[in-house]
$ cat coords-v6.csv   # CSV, C-alpha atoms and all ligand atoms
chain,number,residue,atom,x,y,z
C,1,MET,CA,65.4,132.2,144.3
C,2,LYS,CA,63.9,130.2,141.4
C,3,ILE,CA,64.9,126.7,140.6
C,4,LEU,CA,64.2,124.9,137.3
C,5,LEU,CA,63.7,121.2,137.8
C,6,ALA,CA,64.3,119.3,134.5
C,7,GLY,CA,62.6,115.9,135.0
C,8,GLY,CA,61.0,117.4,138.1
C,9,ALA,CA,57.8,115.3,137.8
C,10,GLY,CA,59.7,112.1,138.4
C,11,TYR,CA,60.3,110.2,141.7
C,12,ILE,CA,63.3,112.2,143.0
C,13,GLY,CA,62.3,115.5,141.3
C,14,SER,CA,58.8,115.6,142.9
C,15,HIS,CA,60.2,115.0,146.4
C,16,THR,CA,62.9,117.6,145.8
C,17,ALA,CA,60.2,120.1,144.7
C,18,VAL,CA,58.5,119.6,148.1
C,19,ALA,CA,61.7,120.2,150.0
C,20,LEU,CA,62.6,123.3,147.9
C,21,LEU,CA,59.1,124.8,148.3
C,22,LYS,CA,59.2,124.2,152.0
C,23,ALA,CA,62.6,125.9,152.2
C,24,GLY,CA,61.1,129.0,150.4
C,25,TYR,CA,62.3,128.5,146.8
C,26,GLN,CA,60.2,129.0,143.7
C,27,VAL,CA,59.9,125.9,141.6
C,28,VAL,CA,59.5,125.5,137.9
C,29,VAL,CA,59.2,121.9,136.5
C,30,LEU,CA,60.0,120.9,132.9
C,31,ASP,CA,59.2,117.3,132.0
C,32,ASN,CA,58.1,115.3,128.9
C,33,PHE,CA,56.3,112.7,131.2
C,34,ASP,CA,58.2,109.9,129.6
C,35,ASN,CA,58.3,108.2,133.0
C,36,SER,CA,56.0,110.3,135.1
C,37,SER,CA,52.7,112.1,135.3
C,38,PRO,CA,51.6,115.7,135.8
C,39,GLU,CA,49.5,114.4,138.7
C,40,ALA,CA,52.8,114.2,140.7
C,41,VAL,CA,53.3,117.9,140.3
C,42,ARG,CA,49.6,118.6,141.2
C,43,ARG,CA,50.1,116.6,144.4
C,44,VAL,CA,53.3,118.6,145.2
C,45,GLU,CA,51.2,121.7,145.1
C,46,GLU,CA,48.5,120.1,147.2
C,47,LEU,CA,51.1,119.1,149.9
C,48,THR,CA,52.9,122.4,150.0
C,49,HIS,CA,50.0,124.8,149.3
C,50,LYS,CA,52.4,126.5,146.9
C,51,PRO,CA,52.2,126.9,143.1
C,52,VAL,CA,54.6,125.0,140.7
C,53,VAL,CA,54.9,126.3,137.2
C,54,LEU,CA,54.8,123.2,135.0
C,55,TYR,CA,56.0,122.9,131.3
C,56,GLU,CA,55.5,119.8,129.3
C,57,ALA,CA,58.6,119.8,127.2
C,58,ASP,CA,61.6,117.7,126.1
C,59,ALA,CA,64.8,118.8,127.9
C,60,ALA,CA,66.7,118.0,124.6
C,61,ASP,CA,64.5,120.4,122.6
C,62,LYS,CA,66.6,123.5,122.5
C,63,ALA,CA,64.0,125.9,121.2
C,64,ALA,CA,61.5,124.8,123.9
C,65,VAL,CA,64.1,124.9,126.7
C,66,LEU,CA,65.4,128.3,125.6
C,67,ASN,CA,61.8,129.7,125.6
C,68,ILE,CA,61.2,128.4,129.1
C,69,MET,CA,64.4,129.7,130.4
C,70,LYS,CA,64.0,133.1,128.9
C,71,GLN,CA,60.5,133.2,130.3
C,72,GLU,CA,61.4,132.0,133.8
C,73,GLN,CA,65.0,133.2,134.3
C,74,PRO,CA,65.8,130.5,136.9
C,75,ASP,CA,68.8,131.0,139.2
C,76,CYS,CA,69.7,127.4,139.1
C,77,VAL,CA,68.8,124.2,137.2
C,78,ILE,CA,68.6,120.8,138.7
C,79,HIS,CA,68.9,118.2,136.0
C,80,PHE,CA,67.0,115.0,136.9
C,81,ALA,CA,65.8,114.4,133.3
C,82,GLY,CA,67.0,111.1,132.2
C,83,LEU,CA,66.3,107.5,131.4
C,84,LYS,CA,67.4,105.3,134.3
C,85,ALA,CA,66.6,101.6,133.8
C,86,VAL,CA,69.9,99.7,133.8
C,87,GLY,CA,68.6,96.6,131.9
C,88,GLU,CA,66.8,98.6,129.3
C,89,SER,CA,70.0,100.6,128.7
C,90,VAL,CA,71.8,97.4,127.7
C,91,LYS,CA,69.1,96.7,125.1
C,92,GLN,CA,68.6,100.3,123.9
C,93,PRO,CA,72.0,101.9,124.4
C,94,LEU,CA,71.6,104.5,121.6
C,95,ARG,CA,68.3,105.7,123.1
C,96,TYR,CA,70.0,106.1,126.5
C,97,TYR,CA,73.0,108.0,125.1
C,98,ARG,CA,70.8,110.2,122.9
C,99,ASN,CA,68.4,111.1,125.7
C,100,ASN,CA,70.7,111.5,128.6
C,101,ILE,CA,73.5,113.3,126.9
C,102,ASP,CA,71.4,115.5,124.7
C,103,THR,CA,69.4,116.8,127.6
C,104,THR,CA,72.6,117.7,129.4
C,105,LEU,CA,74.1,119.5,126.4
C,106,THR,CA,70.8,121.3,125.7
C,107,LEU,CA,70.4,122.5,129.3
C,108,LEU,CA,74.0,123.7,129.4
C,109,GLU,CA,73.7,125.6,126.1
C,110,CYS,CA,70.4,127.2,127.2
C,111,MET,CA,71.9,128.2,130.5
C,112,GLU,CA,74.8,129.9,128.7
C,113,LEU,CA,72.4,131.7,126.4
C,114,THR,CA,70.2,133.0,129.3
C,115,GLY,CA,72.9,133.7,131.9
C,116,CYS,CA,72.0,130.9,134.3
C,117,ARG,CA,75.3,129.7,135.8
C,118,LYS,CA,74.3,127.1,138.4
C,119,ILE,CA,73.5,123.5,137.8
C,120,VAL,CA,73.0,120.6,140.2
C,121,PHE,CA,73.2,117.2,138.5
C,122,SER,CA,71.7,113.8,139.3
C,123,SER,CA,74.6,111.5,139.1
C,124,SER,CA,74.9,108.0,140.6
C,125,ALA,CA,77.1,105.8,142.7
C,126,THR,CA,77.3,103.7,139.6
C,127,VAL,CA,80.2,105.9,138.3
C,128,TYR,CA,82.5,104.5,141.0
C,129,GLY,CA,82.4,101.3,138.9
C,130,GLU,CA,83.8,98.0,139.8
C,131,GLU,CA,87.3,99.1,140.8
C,132,ASN,CA,86.6,101.2,143.9
C,133,PRO,CA,86.0,99.3,147.2
C,134,ALA,CA,83.2,100.4,149.5
C,135,PRO,CA,82.9,102.9,151.2
C,136,CYS,CA,83.3,105.0,148.1
C,137,ASN,CA,84.5,108.6,148.6
C,138,GLU,CA,84.6,111.5,146.2
C,139,GLU,CA,88.4,111.5,145.9
C,140,MET,CA,88.3,108.1,144.2
C,141,PRO,CA,88.8,108.1,140.4
C,142,LYS,CA,85.7,107.0,138.5
C,143,GLY,CA,85.6,103.4,137.5
C,144,SER,CA,84.3,101.2,134.7
C,145,CYS,CA,80.6,101.2,134.6
C,146,THR,CA,78.8,97.9,134.0
C,147,ASN,CA,76.1,99.2,131.6
C,148,PRO,CA,75.3,102.0,129.2
C,149,TYR,CA,73.1,103.8,131.7
C,150,GLY,CA,76.1,104.1,134.1
C,151,TRP,CA,78.3,105.3,131.2
C,152,THR,CA,75.9,108.1,130.4
C,153,LYS,CA,76.2,109.3,134.0
C,154,SER,CA,80.0,109.1,133.9
C,155,MET,CA,80.1,110.9,130.5
C,156,MET,CA,77.7,113.6,131.7
C,157,GLU,CA,79.9,114.2,134.7
C,158,GLN,CA,82.8,114.7,132.3
C,159,ILE,CA,80.8,117.1,130.1
C,160,LEU,CA,79.8,119.2,133.1
C,161,GLN,CA,83.4,119.2,134.4
C,162,ASP,CA,84.7,120.3,131.0
C,163,ALA,CA,82.1,123.1,130.8
C,164,ALA,CA,83.2,124.4,134.2
C,165,VAL,CA,86.8,124.4,133.2
C,166,ALA,CA,86.0,126.5,130.1
C,167,ASP,CA,83.7,128.9,132.0
C,168,LYS,CA,84.9,130.0,135.4
C,169,ASN,CA,81.5,131.5,136.2
C,170,LEU,CA,79.8,128.2,135.9
C,171,GLY,CA,78.9,126.4,139.2
C,172,VAL,CA,78.4,122.6,139.0
C,173,VAL,CA,77.4,120.3,141.8
C,174,LEU,CA,77.5,116.6,141.0
C,175,LEU,CA,75.3,114.6,143.4
C,176,ARG,CA,76.1,110.9,143.4
C,177,TYR,CA,73.0,109.2,144.7
C,178,PHE,CA,73.2,105.7,146.3
C,179,ASN,CA,69.9,103.8,146.5
C,180,PRO,CA,66.9,106.1,147.0
C,181,ILE,CA,63.8,104.4,148.4
C,182,GLY,CA,60.8,105.5,150.6
C,183,ALA,CA,58.3,108.2,149.9
C,184,HIS,CA,56.9,111.5,151.3
C,185,GLU,CA,55.5,110.7,154.7
C,186,SER,CA,52.0,111.8,153.5
C,187,GLY,CA,51.8,108.9,151.1
C,188,ARG,CA,50.7,111.3,148.4
C,189,ILE,CA,53.8,111.1,146.2
C,190,GLY,CA,56.1,108.2,145.7
C,191,GLU,CA,57.9,106.0,143.1
C,192,ASN,CA,55.7,105.0,140.3
C,193,PRO,CA,57.5,102.6,138.0
C,194,ARG,CA,56.0,101.5,134.7
C,195,GLY,CA,55.7,97.8,134.2
C,196,ILE,CA,57.7,95.3,136.2
C,197,PRO,CA,59.9,97.2,138.7
C,198,ASN,CA,63.7,96.9,138.2
C,199,ASN,CA,64.5,98.1,141.6
C,200,LEU,CA,64.2,96.2,144.9
C,201,MET,CA,61.8,98.4,147.0
C,202,PRO,CA,59.1,98.9,144.4
C,203,TYR,CA,59.2,95.1,143.7
C,204,VAL,CA,58.8,94.4,147.5
C,205,THR,CA,55.9,96.8,147.8
C,206,GLN,CA,54.2,95.3,144.7
C,207,VAL,CA,54.5,91.8,146.2
C,208,ALA,CA,53.0,93.2,149.5
C,209,VAL,CA,50.1,94.8,147.7
C,210,GLY,CA,49.4,91.6,145.7
C,211,LYS,CA,50.4,92.8,142.3
C,212,ARG,CA,53.4,90.3,142.1
C,213,GLU,CA,53.6,86.8,143.4
C,214,ARG,CA,57.0,86.8,145.0
C,215,LEU,CA,60.3,88.6,145.1
C,216,THR,CA,63.3,86.9,143.7
C,217,VAL,CA,66.4,87.7,145.7
C,218,PHE,CA,69.2,88.0,143.2
C,219,GLY,CA,71.9,85.8,144.7
C,220,GLY,CA,72.2,84.3,148.2
C,221,ASP,CA,75.8,83.2,148.0
C,222,TYR,CA,77.7,86.5,148.0
C,223,ASP,CA,80.6,87.0,150.5
C,224,THR,CA,78.4,89.1,152.8
C,225,PRO,CA,77.0,88.4,156.3
C,226,ASP,CA,73.7,86.9,155.0
C,227,GLY,CA,74.9,86.0,151.5
C,228,THR,CA,72.8,88.8,149.8
C,229,CYS,CA,74.2,92.1,148.4
C,230,LEU,CA,74.7,95.2,150.5
C,231,ARG,CA,73.6,98.6,149.4
C,232,ASP,CA,73.3,102.1,150.9
C,233,TYR,CA,69.5,102.8,150.9
C,234,ILE,CA,68.6,106.4,151.5
C,235,HIS,CA,65.2,107.9,152.2
C,236,VAL,CA,64.1,110.0,149.2
C,237,MET,CA,63.1,112.9,151.5
C,238,ASP,CA,66.7,112.9,153.0
C,239,LEU,CA,67.9,112.9,149.4
C,240,ALA,CA,65.5,115.8,148.5
C,241,GLU,CA,66.9,117.8,151.5
C,242,GLY,CA,70.4,117.1,150.2
C,243,HIS,CA,69.4,118.9,147.0
C,244,VAL,CA,68.3,122.0,149.0
C,245,ALA,CA,71.7,121.9,150.7
C,246,ALA,CA,73.4,121.5,147.3
C,247,VAL,CA,71.5,124.5,145.8
C,248,GLU,CA,72.5,126.6,148.7
C,249,TYR,CA,76.1,125.6,148.5
C,250,GLY,CA,76.1,126.1,144.7
C,251,ALA,CA,74.8,129.6,145.0
C,252,GLY,CA,78.0,130.7,146.6
C,253,HIS,CA,80.6,128.6,144.7
C,254,ASN,CA,81.8,128.3,141.1
C,255,GLY,CA,83.7,125.3,139.7
C,256,VAL,CA,82.8,121.7,140.3
C,257,GLU,CA,82.1,120.0,143.5
C,258,ILE,CA,81.1,116.3,143.9
C,259,PHE,CA,79.0,114.9,146.8
C,260,ASN,CA,77.9,111.4,147.7
C,261,LEU,CA,74.3,111.4,148.9
C,262,GLY,CA,74.0,108.2,151.0
C,263,THR,CA,73.8,107.2,154.6
C,264,GLY,CA,77.1,105.4,154.9
C,265,GLN,CA,75.2,102.4,156.4
C,266,PRO,CA,74.9,99.3,154.3
C,267,TYR,CA,72.0,96.9,154.5
C,268,SER,CA,71.4,93.6,152.8
C,269,VAL,CA,68.5,92.6,150.5
C,270,LEU,CA,67.2,90.4,153.4
C,271,ASP,CA,67.5,93.3,155.8
C,272,ILE,CA,65.1,95.2,153.6
C,273,VAL,CA,62.6,92.4,153.3
C,274,ASN,CA,62.7,91.6,157.1
C,275,THR,CA,62.4,95.2,158.2
C,276,PHE,CA,59.6,95.8,155.7
C,277,GLN,CA,57.7,92.9,157.0
C,278,GLN,CA,58.2,93.9,160.7
C,279,VAL,CA,57.5,97.6,160.4
C,280,ASN,CA,54.4,97.1,158.3
C,281,ASN,CA,53.2,93.8,159.8
C,282,ILE,CA,52.7,92.3,156.4
C,283,SER,CA,54.4,89.3,154.7
C,284,VAL,CA,56.5,89.4,151.6
C,285,ALA,CA,56.9,86.1,149.8
C,286,TYR,CA,60.4,85.6,148.4
C,287,GLU,CA,62.8,83.0,147.0
C,288,ILE,CA,66.5,83.1,146.6
C,289,GLY,CA,67.4,83.0,142.9
C,290,PRO,CA,70.5,83.3,140.8
C,291,ARG,CA,72.7,86.4,140.8
C,292,ARG,CA,71.8,89.3,138.5
C,293,ALA,CA,74.5,90.1,135.9
C,294,GLY,CA,76.3,93.3,136.8
C,295,ASP,CA,75.4,93.4,140.5
C,296,LEU,CA,78.3,94.3,142.8
C,297,PRO,CA,78.3,92.5,146.2
C,298,VAL,CA,78.8,95.6,148.3
C,299,VAL,CA,78.2,99.3,147.5
C,300,TYR,CA,77.9,102.1,150.1
C,301,ALA,CA,79.0,105.7,150.6
C,302,ASP,CA,81.5,107.5,152.6
C,303,ALA,CA,79.0,110.2,153.5
C,304,THR,CA,81.5,112.4,155.3
C,305,LYS,CA,82.0,115.1,152.7
C,306,ALA,CA,78.3,116.1,152.4
C,307,LYS,CA,78.2,116.3,156.2
C,308,THR,CA,81.3,118.4,156.5
C,309,VAL,CA,80.9,120.7,153.5
C,310,LEU,CA,77.1,120.9,153.0
C,311,GLY,CA,76.1,120.4,156.6
C,312,TRP,CA,73.7,117.7,155.4
C,313,GLN,CA,73.3,114.2,156.6
C,314,ALA,CA,70.5,111.6,156.2
C,315,LYS,CA,68.3,111.5,159.3
C,316,ARG,CA,65.7,108.8,158.5
C,317,SER,CA,66.0,105.2,159.4
C,318,LEU,CA,65.5,102.0,157.4
C,319,ALA,CA,62.3,101.5,159.3
C,320,ASP,CA,61.1,105.0,158.1
C,321,MET,CA,62.0,104.1,154.5
C,322,CYS,CA,60.1,100.8,154.7
C,323,ARG,CA,57.1,102.4,156.4
C,324,ASP,CA,56.9,105.3,153.9
C,325,SER,CA,57.3,103.1,150.9
C,326,TRP,CA,54.4,100.9,152.0
C,327,ASN,CA,52.3,103.9,152.9
C,328,TRP,CA,52.6,105.2,149.4
C,329,GLN,CA,52.0,101.8,147.7
C,330,LYS,CA,49.0,100.8,149.8
C,331,ASN,CA,47.3,104.2,149.3
C,332,ASN,CA,48.1,104.3,145.6
C,333,PRO,CA,48.0,100.7,144.4
C,334,GLU,CA,47.9,101.8,140.8
C,335,GLY,CA,50.3,104.7,141.1
C,336,TYR,CA,49.1,108.1,140.0
P,1,LIG,P1,62.3,109.2,137.1
P,1,LIG,O1,62.2,108.4,135.9
P,1,LIG,O2,61.2,109.1,138.1
P,1,LIG,O3,62.5,110.8,136.8
P,1,LIG,C1,63.1,111.2,135.7
P,1,LIG,C2,62.2,112.2,135.0
P,1,LIG,O4,62.8,112.7,133.9
P,1,LIG,C3,60.9,111.6,134.6
P,1,LIG,O5,59.8,112.5,135.1
P,1,LIG,C4,60.9,111.6,133.1
P,1,LIG,O6,59.7,111.8,132.5
P,1,LIG,C5,61.8,112.8,132.8
P,1,LIG,N1,62.5,112.8,131.6
P,1,LIG,C6,63.3,111.8,131.0
P,1,LIG,N2,63.8,112.2,129.8
P,1,LIG,C7,63.3,113.5,129.6
P,1,LIG,C8,63.5,114.4,128.6
P,1,LIG,N3,64.2,114.2,127.5
P,1,LIG,N4,62.9,115.6,128.7
P,1,LIG,C9,62.2,115.9,129.8
P,1,LIG,N5,62.0,115.1,130.8
P,1,LIG,C10,62.6,113.9,130.7
P,1,LIG,O7,63.7,108.9,137.8
P,1,LIG,P2,64.2,109.3,139.3
P,1,LIG,O8,64.4,108.1,140.1
P,1,LIG,O9,63.4,110.4,139.8
P,1,LIG,O10,65.7,109.8,138.8
P,1,LIG,C11,66.0,111.2,138.6
P,1,LIG,C12,67.4,111.3,138.2
P,1,LIG,O11,68.2,110.7,139.2
P,1,LIG,C13,67.7,110.5,136.9
P,1,LIG,O12,68.6,111.2,136.1
P,1,LIG,C14,68.3,109.2,137.4
P,1,LIG,O13,69.2,108.7,136.4
P,1,LIG,C15,69.1,109.7,138.6
P,1,LIG,N6,69.4,108.6,139.6
P,1,LIG,C16,68.3,107.9,140.0
P,1,LIG,C17,68.6,106.9,141.0
P,1,LIG,C18,67.5,106.0,141.5
P,1,LIG,O14,67.8,104.9,142.0
P,1,LIG,N7,66.2,106.4,141.4
P,1,LIG,C19,69.9,106.7,141.4
P,1,LIG,C20,70.9,107.5,140.9
P,1,LIG,C21,70.6,108.5,140.0
P,2,LIG,C1,69.3,96.6,145.0
P,2,LIG,C2,69.6,95.2,145.5
P,2,LIG,C3,69.8,93.6,143.8
P,2,LIG,C4,65.6,93.6,142.6
P,2,LIG,C5,70.4,100.5,140.7
P,2,LIG,C6,71.3,101.1,139.6
P,2,LIG,C7,72.1,102.3,140.2
P,2,LIG,C8,71.1,103.3,140.8
P,2,LIG,C9,70.2,102.7,141.8
P,2,LIG,C10,70.3,104.8,139.1
P,2,LIG,C11,70.6,94.5,144.6
P,2,LIG,C12,68.6,93.2,144.7
P,2,LIG,C13,66.8,93.9,143.2
P,2,LIG,C14,64.9,92.3,142.8
P,2,LIG,C15,66.8,91.7,144.2
P,2,LIG,N1,70.2,103.8,139.8
P,2,LIG,N2,67.4,93.0,144.0
P,2,LIG,N3,65.6,91.4,143.6
P,2,LIG,O1,71.2,97.6,141.4
P,2,LIG,O2,71.9,98.6,143.6
P,2,LIG,O3,71.3,100.1,141.8
P,2,LIG,O4,69.5,101.5,141.2
P,2,LIG,O5,71.3,105.5,139.0
P,2,LIG,O6,72.8,102.9,139.2
P,2,LIG,O7,72.3,100.1,139.2
P,2,LIG,O8,69.5,98.8,142.9
P,2,LIG,O9,67.2,98.4,143.6
P,2,LIG,O10,68.0,97.3,141.4
P,2,LIG,O11,68.9,96.5,143.6
P,2,LIG,O12,67.3,90.9,144.9
P,2,LIG,O13,63.9,92.1,142.2
P,2,LIG,O14,68.4,94.4,145.5
P,2,LIG,O15,70.5,92.4,143.4
P,2,LIG,O16,71.4,93.7,145.5
P,2,LIG,P1,71.1,98.7,142.4
P,2,LIG,P2,68.3,97.8,142.8

$ encode --input "coords-v6.csv" --output "structure tokens" --more "lines below"
Ligand code: NAD
Ligand code: WQD
Amino acid sequence: MKILLAGGAGYIGSHTAVALLKAGYQVVVLDNFDNSSPEAVRRVEELTHKPVVLYEADAADKAAVLNIMKQEQPDCVIHFAGLKAVGESVKQPLRYYRNNIDTTLTLLECMELTGCRKIVFSSSATVYGEENPAPCNEEMPKGSCTNPYGWTKSMMEQILQDAAVADKNLGVVLLRYFNPIGAHESGRIGENPRGIPNNLMPYVTQVAVGKRERLTVFGGDYDTPDGTCLRDYIHVMDLAEGHVAAVEYGAGHNGVEIFNLGTGQPYSVLDIVNTFQQVNNISVAYEIGPRRAGDLPVVYADATKAKTVLGWQAKRSLADMCRDSWNWQKNNPEGY
């Protein structure tokens, strides 16, 4: 089976490419390298000793996507292509809506035109919004997002659901990721943020490697055991393997199915910092600062459905996540 990874040169896409190739799938990557590098795909080939067909293209460019899909005839599309920086989305909402929604519409239109009827979509726990108390399960109604990025995910889920109502042959798997961190255990591929990291783990690793002075912990006065926010951190290779399970499930099902991809185990910001320091025997300077606007105190998954229906569950520990994040950062201090 051949899988087209739109946005497949990025952090989650490149790790998923490794997992798919290992499971025997053929992989085609389409990326405009807005937030990634072709080097990631080269390293995927190096790690797996398998070829990846790579196209530099914008997933919102209908003529380009149609050509690629006619040429490659993929059995399934995984749609990773999107802008994902929460703060940037508040400042540039139109760019976020344009890119994220156009890519989704274009991919769906080109799938229809070429007879590809399976799509797996990178959604986010952010669609649960503020209303749903943790642990979030897939039966809960979506909530109010706190930023335009989150709304693009919520809207794209709706678009995909409407498309599946209209076309009974369409199979849609919506994967709601919690907080992916870590890297492939080889240290050859990993997360490569441009500029100042928005997310916790890349900030921690950049402090450890000496690129940033200290981490600011956003808020120490939440109603949680140590006063810092709780999140469901998941190793990116577990997440990648969740995509393989989703592709396999999708091959045999039409309609829409939603799965949380998380561990179900919440950890605090200070758990991350402390575990990172212990496992890697390196210190990370930090200070407790003010809360960050829009942060919810506690977010974690009910991970039961993916286990029951997909037969997938996360296997790697927080220590594995911290070790592999550092292994990637220390071996690639400047990224790719
Ligand atoms: P990433 O930025 O590393 O990967 C996204 C990829 O899409 C990049 O390679 C980028 O160049 C590409 N891209 C963006 N717009 C494109 C376009 N118009 N045409 C072609 N390529 C385009 O991000 P990631 O962390 O790998 O995230 C992958 C997906 O998962 C995104 O949709 C993101 O919103 C979603 N997601 C990520 C997280 C997370 O914490 N990393 C959590 C939940 C959901
Ligand atoms: C984690 C925790 C911060 C940075 C975001 C998106 C979500 C999804 C995953 C895409 C929080 C704290 C962080 C720092 C800190 N992305 N933190 N100092 O906010 O849970 O989720 O990424 O879909 O939609 O919102 O992840 O890594 O930014 O933060 O104290 O410098 O670390 O307050 O508690 P978040 P994060």

$ residues_around --input "coords-v6.csv" --residues "Met321 (chain C)" --least-positions-apart "4" --cutoff "10 Å" --atoms "all atoms listed in the file" --output "ChimeraX atom specification"
/C:180-185,201,233-237,272,275-276,279,316-317,325-327

$ residues_around --input "coords-v6.csv" --residues "region 328-332 of chain C" --least-positions-apart "2" --cutoff "10 Å" --atoms "all atoms listed in the file" --output "MDAnalysis selection string"
chainID C and resid 182:192 202 205:206 208:209 323:326 334:336

$ atom_distance --input "coords-v6.csv" --atom1 "atom O14 of ligand LIG 1 (chain P)" --atom2 "CA of Gly262 (chain C)"
11.4 Å

$ residues_near_ligand --input "coords-v6.csv" --ligand "ligand LIG 2 (chain P)" --cutoff "6 Å" --atoms "only C-alpha atoms and all ligand atoms" --output "VMD selection string"
chain C and resid 84 86 124 126 179 198 to 200 203 215 to 218 229 269 292 295

$ closest_residue --input "coords-v6.csv" --among "C:Leu239, C:Val244, C:Val256, C:Ala134" --to "ligand LIG 1 (chain P)" --atoms "only C-alpha atoms and all ligand atoms"
C:Leu239

$ residues_around --input "coords-v6.csv" --residues "Ala81 (chain C)" --least-positions-apart "6" --cutoff "9 Å" --atoms "all atoms listed in the file" --output "NGL selection string"
:C and (5-8 or 10 or 13 or 30-32 or 58-59 or 99-100 or 103-104 or 122)

$ residues_around --input "coords-v6.csv" --residues "region 62-73 of chain C" --least-positions-apart "2" --cutoff "9 Å" --atoms "all atoms listed in the file" --output "ChimeraX atom specification"
/C:2,4,28,30,55,57-60,75-76,103,106-107,109-111,113-116

$ build_atoms --input "coords-v6.csv" --residues "region 296-301 of chain C" --atoms "all heavy atoms" --output "PDB file, in the frame of the given file"
ATOM      1  N   LEU C 296      77.140  94.364 141.941  1.00  0.00           N
ATOM      2  CA  LEU C 296      78.300  94.300 142.800  1.00  0.00           C
ATOM      3  C   LEU C 296      77.890  93.845 144.177  1.00  0.00           C
ATOM      4  O   LEU C 296      76.794  94.181 144.625  1.00  0.00           O
ATOM      5  CB  LEU C 296      78.991  95.682 142.868  1.00  0.00           C
ATOM      6  CG  LEU C 296      79.461  96.253 141.527  1.00  0.00           C
ATOM      7  CD1 LEU C 296      79.968  97.681 141.692  1.00  0.00           C
ATOM      8  CD2 LEU C 296      80.551  95.375 140.929  1.00  0.00           C
ATOM      9  N   PRO C 297      78.737  93.069 144.877  1.00  0.00           N
ATOM     10  CA  PRO C 297      78.300  92.500 146.200  1.00  0.00           C
ATOM     11  C   PRO C 297      78.048  93.626 147.221  1.00  0.00           C
ATOM     12  O   PRO C 297      77.064  93.560 147.943  1.00  0.00           O
ATOM     13  CB  PRO C 297      79.511  91.674 146.615  1.00  0.00           C
ATOM     14  CG  PRO C 297      80.320  91.441 145.381  1.00  0.00           C
ATOM     15  CD  PRO C 297      80.036  92.550 144.427  1.00  0.00           C
ATOM     16  N   VAL C 298      78.920  94.641 147.276  1.00  0.00           N
ATOM     17  CA  VAL C 298      78.800  95.600 148.300  1.00  0.00           C
ATOM     18  C   VAL C 298      79.027  97.037 147.768  1.00  0.00           C
ATOM     19  O   VAL C 298      80.062  97.314 147.156  1.00  0.00           O
ATOM     20  CB  VAL C 298      79.934  95.392 149.419  1.00  0.00           C
ATOM     21  CG1 VAL C 298      79.819  96.411 150.545  1.00  0.00           C
ATOM     22  CG2 VAL C 298      79.858  93.971 149.966  1.00  0.00           C
ATOM     23  N   VAL C 299      78.039  97.905 147.936  1.00  0.00           N
ATOM     24  CA  VAL C 299      78.200  99.300 147.500  1.00  0.00           C
ATOM     25  C   VAL C 299      77.610 100.190 148.621  1.00  0.00           C
ATOM     26  O   VAL C 299      76.435 100.048 148.985  1.00  0.00           O
ATOM     27  CB  VAL C 299      77.370  99.594 146.213  1.00  0.00           C
ATOM     28  CG1 VAL C 299      77.546 101.055 145.802  1.00  0.00           C
ATOM     29  CG2 VAL C 299      77.790  98.672 145.080  1.00  0.00           C
ATOM     30  N   TYR C 300      78.445 101.043 149.193  1.00  0.00           N
ATOM     31  CA  TYR C 300      77.900 102.100 150.100  1.00  0.00           C
ATOM     32  C   TYR C 300      78.840 103.279 150.108  1.00  0.00           C
ATOM     33  O   TYR C 300      79.981 103.213 149.662  1.00  0.00           O
ATOM     34  CB  TYR C 300      77.614 101.528 151.492  1.00  0.00           C
ATOM     35  CG  TYR C 300      78.784 101.038 152.301  1.00  0.00           C
ATOM     36  CD1 TYR C 300      79.375 101.859 153.262  1.00  0.00           C
ATOM     37  CD2 TYR C 300      79.289  99.755 152.139  1.00  0.00           C
ATOM     38  CE1 TYR C 300      80.435 101.406 154.036  1.00  0.00           C
ATOM     39  CE2 TYR C 300      80.356  99.303 152.893  1.00  0.00           C
ATOM     40  CZ  TYR C 300      80.930 100.135 153.836  1.00  0.00           C
ATOM     41  OH  TYR C 300      81.984  99.695 154.578  1.00  0.00           O
ATOM     42  N   ALA C 301      78.284 104.361 150.630  1.00  0.00           N
ATOM     43  CA  ALA C 301      79.000 105.700 150.600  1.00  0.00           C
ATOM     44  C   ALA C 301      79.835 105.924 151.764  1.00  0.00           C
ATOM     45  O   ALA C 301      79.513 105.505 152.879  1.00  0.00           O
ATOM     46  CB  ALA C 301      77.914 106.772 150.473  1.00  0.00           C
TER      47      ALA C 301
END
